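A.B. asks: upload-v9.pdb is reproduced in full below (PDB, C-alpha atoms).
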ATOM      1  CA  SER U   1     283.586-159.422 106.166
ATOM      2  CA  LYS U   2     280.641-160.196 103.872
ATOM      3  CA  ASN U   3     282.799-162.661 101.939
ATOM      4  CA  LEU U   4     283.833-164.333 105.198
ATOM      5  CA  GLU U   5     280.160-164.643 106.204
ATOM      6  CA  ALA U   6     279.295-166.103 102.795
ATOM      7  CA  ILE U   7     282.116-168.644 103.131
ATOM      8  CA  LYS U   8     280.977-169.585 106.642
ATOM      9  CA  SER U   9     277.389-169.936 105.436
ATOM     10  CA  ALA U  10     278.451-172.008 102.449
ATOM     11  CA  LYS U  11     280.499-174.226 104.781
ATOM     12  CA  GLY U  12     277.435-174.601 107.005
ATOM     13  CA  TYR U  13     275.416-175.630 103.961
ATOM     14  CA  LEU U  14     278.057-178.146 102.862
ATOM     15  CA  ASN U  15     278.217-179.571 106.399
ATOM     16  CA  TRP U  16     274.428-179.877 106.340
ATOM     17  CA  LYS U  17     274.558-181.675 102.956
ATOM     18  CA  ALA U  18     277.222-184.072 104.277
ATOM     19  CA  LEU U  19     275.229-184.832 107.427
ATOM     20  CA  GLN U  20     272.053-185.206 105.411
ATOM     21  CA  GLY U  21     273.805-187.692 103.135
ATOM     22  CA  ALA U  22     274.880-189.609 106.226
ATOM     23  CA  GLY U  23     271.228-189.843 107.236
ATOM     24  CA  ASN U  24     271.394-187.457 110.187
ATOM     25  CA  ALA U  25     267.829-187.090 111.480
ATOM     26  CA  ALA U  26     268.785-183.910 113.367
ATOM     27  CA  PHE U  27     268.045-181.933 110.201
ATOM     28  CA  ASP U  28     264.319-182.462 110.238
ATOM     29  CA  VAL U  29     262.227-179.894 108.325
ATOM     30  CA  ALA U  30     259.855-179.228 111.227
ATOM     31  CA  THR U  31     262.631-178.677 113.792
ATOM     32  CA  ALA U  32     265.200-176.922 111.581
ATOM     33  CA  THR U  33     266.698-173.875 113.308
ATOM     34  CA  GLU U  34     266.873-170.397 111.833
ATOM     35  CA  LYS U  35     270.663-170.743 111.484
ATOM     36  CA  GLN U  36     270.310-174.040 109.622
ATOM     37  CA  LEU U  37     267.851-172.474 107.167
ATOM     38  CA  ASP U  38     270.060-169.410 106.704
ATOM     39  CA  ASP U  39     273.040-171.708 105.971
ATOM     40  CA  ILE U  40     270.990-173.748 103.516
ATOM     41  CA  PHE U  41     269.756-170.616 101.747
ATOM     42  CA  ALA U  42     273.323-169.289 101.480
ATOM     43  CA  GLY U  43     274.226-172.506  99.663
ATOM     44  CA  ILE U  44     271.319-172.382  97.205
ATOM     45  CA  GLN U  45     270.810-168.644  96.630
ATOM     46  CA  ASN U  46     273.201-168.430  93.664
ATOM     47  CA  THR U  47     271.952-171.560  91.918
ATOM     48  CA  PRO U  48     269.375-171.284  89.127
ATOM     49  CA  PRO U  49     265.828-170.926  90.459
ATOM     50  CA  PHE U  50     264.487-174.375  91.218
ATOM     51  CA  LYS U  51     260.990-175.348  92.217
ATOM     52  CA  TYR U  52     261.783-176.995  95.536
ATOM     53  CA  ALA U  53     259.364-179.635  96.734
ATOM     54  CA  PRO U  54     257.188-178.392  99.596
ATOM     55  CA  ASN U  55     258.177-179.518 103.087
ATOM     56  CA  THR U  56     261.857-179.901 102.249
ATOM     57  CA  LEU U  57     264.677-177.997 103.927
ATOM     58  CA  GLU U  58     265.452-176.093 100.704
ATOM     59  CA  HIS U  59     261.792-175.074 100.292
ATOM     60  CA  LYS U  60     261.545-173.939 103.914
ATOM     61  CA  ALA U  61     264.847-172.017 103.677
ATOM     62  CA  GLU U  62     263.727-170.264 100.497
ATOM     63  CA  ARG U  63     260.313-169.387 101.954
ATOM     64  CA  TRP U  64     261.887-168.074 105.176
ATOM     65  CA  GLU U  65     264.180-165.799 103.180
ATOM     66  CA  GLN U  66     261.293-164.575 100.987
ATOM     67  CA  TYR U  67     259.201-163.904 104.099
ATOM     68  CA  LYS U  68     261.968-161.830 105.747
ATOM     69  CA  VAL U  69     262.557-159.806 102.576
ATOM     70  CA  LYS U  70     258.834-159.183 102.045
ATOM     71  CA  LEU U  71     257.952-158.118 105.599
ATOM     72  CA  GLY U  72     261.247-156.685 106.831
ATOM     73  CA  SER U  73     260.872-155.381 110.395
ATOM     74  CA  ASP U  74     257.215-156.526 110.478
ATOM     75  CA  ALA U  75     258.215-160.186 110.144
ATOM     76  CA  LYS U  76     257.241-162.589 112.938
ATOM     77  CA  ASP U  77     260.060-164.151 114.914
ATOM     78  CA  TYR U  78     261.401-167.382 113.425
ATOM     79  CA  SER U  79     259.709-169.694 115.919
ATOM     80  CA  ASN U  80     256.217-168.320 115.148
ATOM     81  CA  TRP U  81     256.825-168.367 111.399
ATOM     82  CA  SER U  82     258.206-171.928 111.542
ATOM     83  CA  ASN U  83     255.137-173.192 113.427
ATOM     84  CA  ILE U  84     252.844-171.654 110.776
ATOM     85  CA  TYR U  85     254.943-173.149 107.947
ATOM     86  CA  ASN U  86     254.878-176.613 109.563
ATOM     87  CA  SER U  87     251.100-176.425 110.088
ATOM     88  CA  ASN U  88     250.503-175.352 106.474
ATOM     89  CA  MET U  89     252.696-178.189 105.180
ATOM     90  CA  THR U  90     250.786-180.758 107.258
ATOM     91  CA  LYS U  91     247.462-179.460 105.895
ATOM     92  CA  ALA U  92     248.762-179.409 102.309
ATOM     93  CA  THR U  93     250.104-182.960 102.584
ATOM     94  CA  LYS U  94     246.775-184.273 103.917
ATOM     95  CA  ALA U  95     244.803-182.438 101.216
ATOM     96  CA  HIS U  96     247.125-183.816  98.527
ATOM     97  CA  GLN U  97     246.743-187.365  99.870
ATOM     98  CA  ALA U  98     242.950-187.005  99.936
ATOM     99  CA  ALA U  99     242.896-185.912  96.272
ATOM    100  CA  ASP U 100     245.241-188.800  95.341
ATOM    101  CA  GLU U 101     242.824-191.245  97.030
ATOM    102  CA  VAL U 102     239.843-189.775  95.163
ATOM    103  CA  ILE U 103     241.518-189.951  91.732
ATOM    104  CA  ALA U 104     242.505-193.571  92.426
ATOM    105  CA  SER U 105     238.890-194.402  93.312
ATOM    106  CA  ILE U 106     237.308-192.716  90.262
ATOM    107  CA  GLY U 107     239.898-193.930  87.751
ATOM    108  CA  TRP U 108     239.919-190.914  85.418
ATOM    109  CA  GLY U 109     241.400-187.431  85.036
ATOM    110  CA  GLN U 110     244.642-185.729  85.885
ATOM    111  CA  ARG U 111     245.766-184.054  89.096
ATOM    112  CA  GLU U 112     246.191-180.282  89.504
ATOM    113  CA  VAL U 113     244.728-179.102  86.200
ATOM    114  CA  THR U 114     244.720-175.359  85.455
ATOM    115  CA  LEU U 115     241.664-174.048  83.590
ATOM    116  CA  GLN U 116     240.604-170.618  82.399
ATOM    117  CA  SER U 117     237.129-169.861  83.725
ATOM    118  CA  GLY U 118     236.159-166.448  82.404
ATOM    119  CA  THR U 119     238.674-164.065  83.984
ATOM    120  CA  TYR U 120     239.466-166.533  86.789
ATOM    121  CA  THR U 121     242.321-169.013  86.573
ATOM    122  CA  ARG U 122     241.034-172.171  88.235
ATOM    123  CA  ARG U 123     243.326-174.901  89.521
ATOM    124  CA  MET U 124     241.164-177.996  89.910
ATOM    125  CA  ASP U 125     242.244-181.013  91.964
ATOM    126  CA  ILE U 126     241.143-183.521  89.314
ATOM    127  CA  ALA U 127     239.951-182.813  85.779
ATOM    128  CA  ASP U 128     239.484-184.263  82.322
ATOM    129  CA  LYS U 129     239.471-181.375  79.833
ATOM    130  CA  VAL U 130     238.263-183.489  76.919
ATOM    131  CA  ALA U 131     235.319-185.004  78.820
ATOM    132  CA  ARG U 132     234.707-181.640  80.529
ATOM    133  CA  LYS U 133     234.408-182.994  84.024
ATOM    134  CA  GLY U 134     236.194-182.134  87.218
ATOM    135  CA  VAL U 135     236.429-182.855  90.920
ATOM    136  CA  GLU U 136     237.333-180.501  93.756
ATOM    137  CA  VAL U 137     238.431-182.315  96.938
ATOM    138  CA  LYS U 138     238.027-180.761 100.376
ATOM    139  CA  SER U 139     239.605-182.453 103.399
ATOM    140  CA  TYR U 140     239.412-180.155 106.429
ATOM    141  CA  GLU U 141     240.383-181.220 109.941
ATOM    142  CA  THR U 142     237.799-178.824 111.371
ATOM    143  CA  GLY U 143     235.050-181.047 109.952
ATOM    144  CA  LYS U 144     233.192-178.127 108.373
ATOM    145  CA  VAL U 145     233.947-176.160 105.201
ATOM    146  CA  TYR U 146     232.608-172.608 105.128
ATOM    147  CA  ALA U 147     231.765-170.256 102.267
ATOM    148  CA  THR U 148     234.881-168.098 102.621
ATOM    149  CA  GLU U 149     235.851-165.639  99.875
ATOM    150  CA  ALA U 150     238.475-168.093  98.548
ATOM    151  CA  ILE U 151     235.965-170.964  98.473
ATOM    152  CA  LYS U 152     233.368-168.758  96.779
ATOM    153  CA  GLY U 153     235.975-167.827  94.155
ATOM    154  CA  GLU U 154     236.468-171.523  93.317
ATOM    155  CA  LEU U 155     232.716-172.102  93.366
ATOM    156  CA  ASN U 156     231.993-169.175  91.013
ATOM    157  CA  ALA U 157     234.709-170.371  88.625
ATOM    158  CA  ASP U 158     233.135-173.833  88.601
ATOM    159  CA  LYS U 159     229.665-172.360  88.067
ATOM    160  CA  TYR U 160     231.042-170.455  85.061
ATOM    161  CA  LEU U 161     232.481-173.697  83.621
ATOM    162  CA  ILE U 162     229.117-175.442  84.108
ATOM    163  CA  ASP U 163     227.016-172.598  82.656
ATOM    164  CA  ASN U 164     229.268-171.587  79.765
ATOM    165  CA  ASP U 165     231.440-174.588  78.875
ATOM    166  CA  PHE U 166     229.043-177.419  79.837
ATOM    167  CA  TRP U 167     231.277-178.999  82.477
ATOM    168  CA  GLN U 168     230.145-181.539  85.077
ATOM    169  CA  ILE U 169     231.728-180.721  88.438
ATOM    170  CA  GLU U 170     231.609-182.546  91.736
ATOM    171  CA  TRP U 171     232.947-181.402  95.099
ATOM    172  CA  VAL U 172     234.059-184.291  97.294
ATOM    173  CA  PHE U 173     234.169-183.616 101.039
ATOM    174  CA  LYS U 174     236.483-186.186 102.615
ATOM    175  CA  GLY U 175     236.103-186.413 106.373
ATOM    176  CA  CYS U 176     234.267-183.087 106.449
ATOM    177  CA  GLU U 177     231.088-181.444 105.150
ATOM    178  CA  PRO U 178     229.969-178.121 103.698
ATOM    179  CA  SER U 179     228.237-175.594 105.935
ATOM    180  CA  GLN U 180     224.576-175.046 105.054
ATOM    181  CA  PRO U 181     225.276-171.721 103.250
ATOM    182  CA  LEU U 182     228.044-173.389 101.206
ATOM    183  CA  ARG U 183     225.836-176.407 100.440
ATOM    184  CA  THR U 184     223.101-174.047  99.180
ATOM    185  CA  LEU U 185     225.573-172.159  96.943
ATOM    186  CA  LEU U 186     226.939-175.420  95.514
ATOM    187  CA  GLU U 187     223.445-176.733  94.776
ATOM    188  CA  GLN U 188     222.420-173.419  93.179
ATOM    189  CA  GLY U 189     225.566-173.547  91.040
ATOM    190  CA  GLY U 190     224.756-176.997  89.692
ATOM    191  CA  ILE U 191     227.705-178.599  91.485
ATOM    192  CA  THR U 192     227.292-182.171  92.748
ATOM    193  CA  ILE U 193     228.157-182.750  96.412
ATOM    194  CA  LYS U 194     229.646-186.019  97.620
ATOM    195  CA  LEU U 195     230.498-186.796 101.255
ATOM    196  CA  VAL U 196     233.044-189.547 101.954
ATOM    197  CA  PRO U 197     234.448-190.681 105.338
TER     198      PRO U 197
END
How does the structure come out when it is put into structure tokens?
C.D. replies:
Amino acid sequence: SKNLEAIKSAKGYLNWKALQGAGNAAFDVATATEKQLDDIFAGIQNTPPFKYAPNTLEHKAERWEQYKVKLGSDAKDYSNWSNIYNSNMTKATKAHQAADEVIASIGWGQREVTLQSGTYTRRMDIADKVARKGVEVKSYETGKVYATEAIKGELNADKYLIDNDFWQIEWVFKGCEPSQPLRTLLEQGGITIKLVP
């Protein structure tokens, strides 16, 4: 019975691949059904682990499976989870585009650079390790960026780089601005603030 299910799922995956190759728009990432994702996962689960590009059907199928395994009976229903996934992907895509625009305008550095800042591993949007300068890009639809714990973690890591490794760091707010408490923390940390439309 399990083998029969696996065969059916694999067939579903192969049908999906064939339709996708034919340019069938019905298999859109945002509107993919739970069954479609389960079929896709059945087709990829025994392949070597790949790093699937975000906002692809394979990525969504893999994340859905991981979510179900992690939360078990506490998992949200598929529709709720799918809406959250789609929203996160939209935000990530916009943030990525904003950082790409900034690096094109400044003409230096590399994207997504990982740095060790004391005990904190810092992933900076744009950095040049040799010149010791970096840029963090914030592009929030809400228009305001607050001093959340995650933001303060990035800020403290940047402050460490400035104080101990003599980095120059700028935070670019594209289409948004820091809250007053965040602005104060950035200024106290020696981080340059730049607002762009």
A.B. asks: Taking only C-alpha atoms into account, produce a table as a Markdown table in which each residue of segment 121-146 of chain U with an atom at most 9 Å from an atom of segment 151-164 of chain U appears once, together with its shortest atom pair and the distance in Å to one decimal, ordered by chain and rising number.
C.D. replies:
| residue | atom | partner | partner_atom | distance |
| --- | --- | --- | --- | --- |
| U:Thr121 | CA | U:Ala157 | CA | 8.0 |
| U:Arg122 | CA | U:Ala157 | CA | 6.6 |
| U:Arg123 | CA | U:Glu154 | CA | 8.5 |
| U:Met124 | CA | U:Glu154 | CA | 8.7 |
| U:Arg132 | CA | U:Leu161 | CA | 8.8 |
| U:Gly134 | CA | U:Asp158 | CA | 9.0 |
| U:Val145 | CA | U:Ile151 | CA | 8.7 |
| U:Tyr146 | CA | U:Ile151 | CA | 7.6 |
A.B. asks: Please, what is the axis-aligned box for every listed atom of segment 153-157 of chain U with 3 Å on each side, as centre and edge lengths in Å to one decimal, as JSON?
C.D. replies:
{"center_x": 234.2, "center_y": -170.0, "center_z": 91.4, "size_x": 10.5, "size_y": 10.3, "size_z": 11.5}
A.B. asks: Considering all atoms listed in the file, state which residue in the set U:Ala98, U:Leu182, U:Ala32, U:Ala104 is at the smallest distance from Thr148 of chain U.
C.D. replies: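 Under the stated criterion, the closest residue is U:Leu182.
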A.B. asks: List the neighbours of Pro197 of chain U out to 12 Å using all atoms listed in the file; skip same-chain residues closer than 5 positions along the sequence, and give me the result as a list of chain:residue names.
C.D. replies: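 The contact residues come out as U:Ala98, U:Glu101, U:Val102, U:Lys138, U:Ser139, U:Tyr140, U:Gly143, U:Val172, U:Phe173, U:Lys174, U:Gly175, U:Cys176, U:Glu177.
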A.B. asks: Please report the interatomic distance between atom CA of Gln188 of chain U and atom CA of His96 of chain U in Å with one decimal.
C.D. replies: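 Separating atom CA of Gln188 of chain U from atom CA of His96 of chain U is a distance of 27.3 Å.
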